[in-house]
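See below for the structure under consideration.
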Amino acid sequence: MSAMKGLKGKVAIVSGGATSIGAEVVRAFHNAGTRVVIADVKAEAGAKLAKELGSGVAFQHTDITQDDQIEHCASKTVELFGGVDFLINVACTYVDNGIEASRADWLTSYNVNVVGGVMFLKAVRPHMIKRGGGVVVNFGSISAKVAQTGRWLYPATKSAIHQVTRSEALDLAKDKIRVNTVSPGWTWCTLLDQISGHNKARVNQVASSFHMLGRMGEQEDVAQAVLFLCSDHAAFITGADLPVDGGYSAMGPEQAEPAIGKIAQ
């Protein structure tokens with residue numbers, strides 16, 4: 001397969017890039033010849049990944065609820081690699097106890113999931129302008145568009161991300177900065193691994209009826225979608241959402257059942 005155009009030699013910051021889906025995004029960029037800064041609070045995992053991938057990948061300890069750390073990460077990236085072309089906002093918190101959640105839980109959820117990414121964009125925007133433009137990919141979710149039992153905070157913040165992305169895309173188009181979201185369906189990740197007791201087959205079994213393609217997503221599926229949105233192949237795409245969900249959001253509540261046939265006499 002030929003490489004995607006417009007990635008080699010560029011510079012990306014991936015928040016939440018130390019583990020799980022974020023780490024797969026970092027690997028995919030590295031394989032495409034993009035230099036990457038991993039921005040994460042998970043110091044051990046971040047340093048380990050940077051060491052594993054070697055030249056062109058660096059770890060920068062960054063708490064996205066702290067503006068000074070975000071600014072430092074942006075400056076350090078420019079110092080290390082000469083600029084910033086791509087910002088991938090993966091970092092998030094899954095804290096969600098539905099109606100039992102406290103005000104502090106709600107504010108933490110918005111602070112990490114929404115405001116952190118906005119502040120990161122604010123920090124890298126001048127550097128992107130100096131490069132003649134850039135690309136931002138925010139992480140939405142299928143959870144932003146449907147009701148899910150016991151989940152209030154995570155879906156609300158992901159829904160907010162979709163609206164913020166449209167606003168960012170509109171206002172930054174003049175800067176030649178494109179902004180889009182990817183919305184993963186059920187994707188094998190640290191959270192699902194923990195919840196299932198490391199039983200990937202069980203997760204796939206549960207997920208199969210919710211996705212047209214009959215399986216959950218792999219981290220590589222999401223990573224390649226991110227790279228596409230950053231590449232020259234997506235040059236006319238901004239303010240959009242790319243569902244990477246195996247048909248989850250298109251199928252609806254009837255799933256694959258022949259519902260009409262069941263009521264026909």
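By order in the structure tokens, chains are A, B, ...; within a chain, residues start at 1; ligands start at 1, following the order shown.
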Can you tell me, as a VMD selection string, what residues are no more than 9 Å from Gly150 (chain A) when counting only C-alpha atoms, ignoring any on the same chain fewer than 4 positions away? chain A and resid 96 to 99
Using only C-alpha atoms, find each residue of region 93-158 of chain A with at least one atom at most 12 Å away from an atom of region 77-80 of chain A; report its shortest atom-to-atom pair and that distance in Å (one decimal), sort the rows by chain and rising residue number, and return the result as JSON lines.
{"residue": "A:Ala123", "atom": "CA", "partner": "A:Thr77", "partner_atom": "CA", "distance": 11.4}
{"residue": "A:Val124", "atom": "CA", "partner": "A:Val78", "partner_atom": "CA", "distance": 9.5}
{"residue": "A:Pro126", "atom": "CA", "partner": "A:Val78", "partner_atom": "CA", "distance": 11.1}
{"residue": "A:His127", "atom": "CA", "partner": "A:Val78", "partner_atom": "CA", "distance": 7.8}
{"residue": "A:Met128", "atom": "CA", "partner": "A:Val78", "partner_atom": "CA", "distance": 10.3}
{"residue": "A:Lys130", "atom": "CA", "partner": "A:Val78", "partner_atom": "CA", "distance": 11.0}
{"residue": "A:Arg131", "atom": "CA", "partner": "A:Val78", "partner_atom": "CA", "distance": 11.0}
Keeping N, CA and C atoms, export the residues of the selection given above as a PDB file, in the first residue's frame.
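part.pdb, freshly written:
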ATOM      1  N   ALA A 123      -2.642  26.953  22.202  1.00  0.00           N
ATOM      2  CA  ALA A 123      -1.188  27.016  22.364  1.00  0.00           C
ATOM      3  C   ALA A 123      -0.428  26.748  21.070  1.00  0.00           C
ATOM      4  N   VAL A 124      -0.925  25.826  20.254  1.00  0.00           N
ATOM      5  CA  VAL A 124      -0.174  25.459  19.037  1.00  0.00           C
ATOM      6  C   VAL A 124      -0.559  26.307  17.828  1.00  0.00           C
ATOM      7  N   PRO A 126      -0.368  29.528  16.978  1.00  0.00           N
ATOM      8  CA  PRO A 126       0.647  30.415  16.394  1.00  0.00           C
ATOM      9  C   PRO A 126       1.744  29.645  15.664  1.00  0.00           C
ATOM     10  N   HIS A 127       2.087  28.480  16.191  1.00  0.00           N
ATOM     11  CA  HIS A 127       3.140  27.658  15.567  1.00  0.00           C
ATOM     12  C   HIS A 127       2.651  27.063  14.245  1.00  0.00           C
ATOM     13  N   MET A 128       1.376  26.678  14.200  1.00  0.00           N
ATOM     14  CA  MET A 128       0.807  26.173  12.950  1.00  0.00           C
ATOM     15  C   MET A 128       0.747  27.274  11.892  1.00  0.00           C
ATOM     16  N   LYS A 130       2.725  29.763  11.562  1.00  0.00           N
ATOM     17  CA  LYS A 130       4.092  29.958  11.055  1.00  0.00           C
ATOM     18  C   LYS A 130       4.460  28.915  10.009  1.00  0.00           C
ATOM     19  N   ARG A 131       3.840  27.739  10.088  1.00  0.00           N
ATOM     20  CA  ARG A 131       4.110  26.655   9.132  1.00  0.00           C
ATOM     21  C   ARG A 131       3.203  26.749   7.901  1.00  0.00           C
TER      22      ARG A 131
END
Determine, counting only C-alpha atoms, which protein, DNA and RNA residues have an atom within 8 Å of an atom of Thr65 (chain A); residues of the same chain fewer than 6 positions away are not included. Present the result as a list of chain:residue names.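 Residues near the query, excluding close chain neighbours: A:Asn111, A:Val112, A:Val115, A:Gly116.
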Written selection (N, CA and C atoms) as a PDB file, in the first residue's frame:
ATOM      1  N   ASN A 111     -13.275  19.667  32.007  1.00  0.00           N
ATOM      2  CA  ASN A 111     -11.947  20.261  32.020  1.00  0.00           C
ATOM      3  C   ASN A 111     -10.966  19.421  31.214  1.00  0.00           C
ATOM      4  N   VAL A 112     -11.021  18.109  31.402  1.00  0.00           N
ATOM      5  CA  VAL A 112     -10.104  17.211  30.691  1.00  0.00           C
ATOM      6  C   VAL A 112     -10.562  16.982  29.249  1.00  0.00           C
ATOM      7  N   VAL A 115     -12.047  21.212  27.547  1.00  0.00           N
ATOM      8  CA  VAL A 115     -11.237  22.421  27.684  1.00  0.00           C
ATOM      9  C   VAL A 115      -9.756  22.143  27.435  1.00  0.00           C
ATOM     10  N   GLY A 116      -9.274  20.990  27.864  1.00  0.00           N
ATOM     11  CA  GLY A 116      -7.866  20.656  27.642  1.00  0.00           C
ATOM     12  C   GLY A 116      -7.480  20.703  26.180  1.00  0.00           C
TER      13      GLY A 116
END
Do a neighbour search on Ala207 (chain A) at 7 Å with only C-alpha atoms, toss out local chain neighbours closer than 4 positions, and write the hits as a ChimeraX atom specification. /A:186,203,211,215-216
Which residues of region 104-140 of chain A come within 10 Å of region 162-173 of chain A, and for each one, what is the closest pair of atoms and their distance in Å to one decimal, counting only C-alpha atoms, sorted by chain and residue number, as JSON lines?
{"residue": "A:Val114", "atom": "CA", "partner": "A:Val164", "partner_atom": "CA", "distance": 8.2}
{"residue": "A:Val115", "atom": "CA", "partner": "A:Val164", "partner_atom": "CA", "distance": 9.7}
{"residue": "A:Gly117", "atom": "CA", "partner": "A:Val164", "partner_atom": "CA", "distance": 9.9}
{"residue": "A:Val118", "atom": "CA", "partner": "A:Val164", "partner_atom": "CA", "distance": 8.2}
{"residue": "A:Leu121", "atom": "CA", "partner": "A:Glu168", "partner_atom": "CA", "distance": 9.0}
{"residue": "A:Arg125", "atom": "CA", "partner": "A:Leu172", "partner_atom": "CA", "distance": 8.8}
{"residue": "A:Ile129", "atom": "CA", "partner": "A:Leu172", "partner_atom": "CA", "distance": 9.8}
{"residue": "A:Gly133", "atom": "CA", "partner": "A:Ala173", "partner_atom": "CA", "distance": 9.0}
{"residue": "A:Gly134", "atom": "CA", "partner": "A:Leu172", "partner_atom": "CA", "distance": 9.8}
{"residue": "A:Val135", "atom": "CA", "partner": "A:Ala169", "partner_atom": "CA", "distance": 9.7}
{"residue": "A:Val136", "atom": "CA", "partner": "A:Ala169", "partner_atom": "CA", "distance": 9.0}
{"residue": "A:Val137", "atom": "CA", "partner": "A:Thr165", "partner_atom": "CA", "distance": 8.7}
{"residue": "A:Asn138", "atom": "CA", "partner": "A:Thr165", "partner_atom": "CA", "distance": 7.2}
{"residue": "A:Phe139", "atom": "CA", "partner": "A:His162", "partner_atom": "CA", "distance": 8.6}
{"residue": "A:Gly140", "atom": "CA", "partner": "A:His162", "partner_atom": "CA", "distance": 6.3}
Given only C-alpha atoms as the counted atoms, nearest of A:Ala45, A:Asp68, A:Cys73, A:Gly132 to Lys176 (chain A):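 When distances to Lys176 (chain A) are compared using only C-alpha atoms, the smallest one comes from A:Gly132.
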Check the smallest atom-to-atom distance from each of A:Ala50, A:Val90, A:Leu191, A:Val179 to Ile237 (chain A) using only C-alpha atoms, then report the winner.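 Closest residue, counting only C-alpha atoms: A:Val179.
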